[in-house]
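Asker: Have a look at this one before I ask anything.
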Amino acid sequence: VQLQASGGGLVQAGGSLRLSCAASGRTFSTSALGWFRQAPGKEREFVAAIGRAISFTYYTDSVKGRFTISRDNAKNTMYLQMVNLSPEDTAVYYCAATKPTYYVTNYYLRPEDYVYWGQGTLVTVSS
């Protein structure tokens, strides 16, 4: 699976962006997916995850209520809708996919659970 993240950019605080992650390969629908981010000088951190079943999602506390992760298996694409952005959300955002998994409801929070990674898309939020 190859992943291509897009949709980043410069936005003012309080604004919105939607990130996309397009995947190639026939195993997309059988993988759990996630978004991570890395701010300058900081370690990569978990943002959101979604299982094979779209109703099973999980968010880090700082983005709950503001970010929404979703997936469209017919389009081999995952999304991260971000609203009410703050300067603390400034980071390079990475999408990731696990190996094909039997478990429909499982989502994964650790970078080591993912084997496929996109190249990252930069989100900059100005104050």
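We label chains A, B, ... in the order they appear in the structure tokens, count residues from 1 in each chain, and number ligands from 1 in the order shown.
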Please provide as a PyMOL selection string all residues within 10 Å of Val47 in chain A, with the sequence filter that same-chain residues fewer than 6 positions apart are discarded (counting only C-alpha atoms).

Answerer: chain A and resi 34-38+58-64+67+69+80+93-95+109

Asker: Keeping only C-alpha atoms, take the residues you just selected and write them out as a compact mmCIF listing (two decimals), in the first residue's frame.

Answerer:
# COMPACT_ATOMS: atom_id res chain seq x y z
CA GLY A 34 -4.55 6.54 11.47
CA TRP A 35 -3.28 10.09 11.46
CA PHE A 36 -0.19 11.23 13.32
CA ARG A 37 1.53 14.61 13.50
CA GLN A 38 4.95 15.94 14.29
CA TYR A 58 -10.48 7.21 18.53
CA TYR A 59 -8.95 10.63 19.07
CA THR A 60 -6.26 12.10 21.22
CA ASP A 61 -7.80 14.36 23.85
CA SER A 62 -6.51 17.61 22.39
CA VAL A 63 -8.46 17.17 19.14
CA LYS A 64 -11.68 15.61 20.40
CA PHE A 67 -11.21 16.71 14.32
CA ILE A 69 -11.50 10.99 10.92
CA LEU A 80 -9.20 14.21 8.57
CA TYR A 93 0.51 15.41 9.46
CA TYR A 94 1.14 11.82 8.42
CA CYS A 95 -1.37 9.20 7.42
CA LEU A 109 -2.72 4.19 18.60

Asker: Rank A:Lys42, A:Arg26, A:Arg52, A:Arg18 by their smallest atom-to-atom distance to Tyr102 in chain A, using only C-alpha atoms, and report the top residue only.

Answerer: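 Answer, going by the shortest atom-to-atom distance: A:Arg52.
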
Asker: Give the answer as one residue: which of A:Pro100, A:Gly7, A:Gly25, A:Gly118 has the shortest atom-to-atom distance to Asn76 in chain A, using only C-alpha atoms?

Answerer: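 Residue with the minimum atom-to-atom distance to Asn76 in chain A: A:Gly25.
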
Asker: Given only C-alpha atoms as the basis, pick out the residue of A:Thr57, A:Asn84, A:Gln12, A:Tyr116 nearest to Lys99 in chain A.

Answerer: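 Residue with the minimum atom-to-atom distance to Lys99 in chain A: A:Tyr116.
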
Asker: Give me, please, the distance in Å between CA of Asp72 in chain A and CA of Ala22 in chain A, quoted to one decimal.

Answerer: 9.8 Å

Asker: Pick the closest to Ala39 in chain A from A:Thr105, A:Ser127, A:Thr90, A:Gln2: which is it, counting only C-alpha atoms?

Answerer: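 Counting only C-alpha atoms, the residue closest to Ala39 in chain A is A:Thr90.
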
Asker: Have a look at A:Ala91, A:Val104, A:Val123, A:Met82 and name the one nearest to Ser6 in chain A; count only C-alpha atoms.

Answerer: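 Smallest distance to Ser6 in chain A is found for A:Val123.
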
Asker: DSSP on the backbone: what in range 64-97 of chain A comes out helix (DSSP H, G or I), as an mmCIF file with N, CA, C and O atoms, in the first residue's frame?

Answerer:
data_model
loop_
_atom_site.group_PDB
_atom_site.id
_atom_site.type_symbol
_atom_site.label_atom_id
_atom_site.label_comp_id
_atom_site.auth_asym_id
_atom_site.auth_seq_id
_atom_site.Cartn_x
_atom_site.Cartn_y
_atom_site.Cartn_z
ATOM 1 N N ASN A 73 -13.864 3.600 1.549
ATOM 2 C CA ASN A 73 -13.161 2.460 0.963
ATOM 3 C C ASN A 73 -13.363 2.373 -0.551
ATOM 4 O O ASN A 73 -12.502 1.868 -1.262
ATOM 5 N N ALA A 74 -14.485 2.853 -1.032
ATOM 6 C CA ALA A 74 -14.727 2.833 -2.475
ATOM 7 C C ALA A 74 -13.743 3.731 -3.211
ATOM 8 O O ALA A 74 -13.416 3.482 -4.373
ATOM 9 N N LYS A 75 -13.275 4.769 -2.535
ATOM 10 C CA LYS A 75 -12.320 5.700 -3.134
ATOM 11 C C LYS A 75 -10.900 5.470 -2.629
ATOM 12 O O LYS A 75 -9.990 6.220 -2.990
ATOM 13 N N PRO A 87 -2.941 27.413 16.861
ATOM 14 C CA PRO A 87 -1.510 27.331 16.535
ATOM 15 C C PRO A 87 -0.858 26.056 17.062
ATOM 16 O O PRO A 87 0.123 25.583 16.468
ATOM 17 N N GLU A 88 -1.398 25.489 18.129
ATOM 18 C CA GLU A 88 -0.835 24.244 18.677
ATOM 19 C C GLU A 88 -1.044 23.055 17.745
ATOM 20 O O GLU A 88 -0.449 21.998 17.944
ATOM 21 N N ASP A 89 -1.886 23.200 16.746
ATOM 22 C CA ASP A 89 -2.099 22.133 15.765
ATOM 23 C C ASP A 89 -1.090 22.178 14.628
ATOM 24 O O ASP A 89 -1.096 21.299 13.752
#

Asker: Excluding same-chain residues fewer than 2 positions from Val11 in chain A, what lies within 7 Å of it counting only C-alpha atoms, as a PyMOL selection string?

Answerer: chain A and resi 9+13+15+124-126

Asker: Pull all heavy atoms from the residues just selected and write them as a PDB file, in the first residue's frame.

Answerer:
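After the write, again26.pdb holds the following:
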ATOM      1  N   GLY A   9      -1.849  23.197   4.579  1.00  0.00           N
ATOM      2  CA  GLY A   9      -1.703  24.574   4.136  1.00  0.00           C
ATOM      3  C   GLY A   9      -1.640  25.517   5.310  1.00  0.00           C
ATOM      4  O   GLY A   9      -1.505  25.097   6.469  1.00  0.00           O
ATOM      5  N   ALA A  13      -6.013  30.880  12.926  1.00  0.00           N
ATOM      6  CA  ALA A  13      -6.629  30.246  14.098  1.00  0.00           C
ATOM      7  C   ALA A  13      -8.145  30.350  13.996  1.00  0.00           C
ATOM      8  O   ALA A  13      -8.688  31.393  13.616  1.00  0.00           O
ATOM      9  CB  ALA A  13      -6.130  30.901  15.373  1.00  0.00           C
ATOM     10  N   GLY A  15      -9.797  28.516  11.916  1.00  0.00           N
ATOM     11  CA  GLY A  15     -10.149  28.053  10.586  1.00  0.00           C
ATOM     12  C   GLY A  15     -10.237  26.548  10.488  1.00  0.00           C
ATOM     13  O   GLY A  15     -10.099  25.822  11.488  1.00  0.00           O
ATOM     14  N   THR A 124      -0.074  24.641   8.925  1.00  0.00           N
ATOM     15  CA  THR A 124       0.413  25.777   9.693  1.00  0.00           C
ATOM     16  C   THR A 124      -0.768  26.649  10.084  1.00  0.00           C
ATOM     17  O   THR A 124      -1.525  27.091   9.210  1.00  0.00           O
ATOM     18  CB  THR A 124       1.418  26.603   8.874  1.00  0.00           C
ATOM     19  OG1 THR A 124       2.493  25.758   8.445  1.00  0.00           O
ATOM     20  CG2 THR A 124       1.978  27.738   9.718  1.00  0.00           C
ATOM     21  N   VAL A 125      -0.909  26.863  11.381  1.00  0.00           N
ATOM     22  CA  VAL A 125      -2.013  27.661  11.894  1.00  0.00           C
ATOM     23  C   VAL A 125      -1.435  28.934  12.498  1.00  0.00           C
ATOM     24  O   VAL A 125      -0.652  28.872  13.445  1.00  0.00           O
ATOM     25  CB  VAL A 125      -2.833  26.896  12.935  1.00  0.00           C
ATOM     26  CG1 VAL A 125      -4.046  27.728  13.377  1.00  0.00           C
ATOM     27  CG2 VAL A 125      -3.282  25.550  12.383  1.00  0.00           C
ATOM     28  N   SER A 126      -1.814  30.061  11.947  1.00  0.00           N
ATOM     29  CA  SER A 126      -1.301  31.336  12.435  1.00  0.00           C
ATOM     30  C   SER A 126      -2.258  31.927  13.471  1.00  0.00           C
ATOM     31  O   SER A 126      -3.467  31.728  13.413  1.00  0.00           O
ATOM     32  CB  SER A 126      -1.135  32.312  11.275  1.00  0.00           C
ATOM     33  OG  SER A 126      -2.387  32.578  10.680  1.00  0.00           O
TER      34      SER A 126
END

Asker: Of the candidates A:Ala97, A:Thr77, A:Gly8, A:Ala53, which shows the shortest atom-to-atom distance to Ser31 in chain A, using only C-alpha atoms?

Answerer: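 Between A:Ala97, A:Thr77, A:Gly8, A:Ala53, the residue approaching Ser31 in chain A most closely is A:Ala97.
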
Asker: Write out as a list in words the residues lying within 10 Å of Val115 in chain A, counting only C-alpha atoms and excluding same-chain residues fewer than 3 positions away.

Answerer: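 My reading of the contact set: Val1, Ala96, Ala97, Thr98, Lys99, Pro111 and Glu112 of chain A.
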
Asker: Emit the selected residues as a JSON list (two decimals), in the first residue's frame, including C-alpha atoms.

Answerer:
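out-v4.json, freshly written:
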[["chain", "number", "residue", "atom", "x", "y", "z"],
["A", 1, "VAL", "CA", 0.00, 0.00, 0.00],
["A", 96, "ALA", "CA", -0.70, 5.56, 8.12],
["A", 97, "ALA", "CA", -2.16, 2.13, 7.51],
["A", 98, "THR", "CA", -1.75, -1.21, 9.22],
["A", 99, "LYS", "CA", -1.23, -4.52, 7.54],
["A", 111, "PRO", "CA", 3.21, 4.28, 15.43],
["A", 112, "GLU", "CA", 4.70, 0.79, 15.56]]
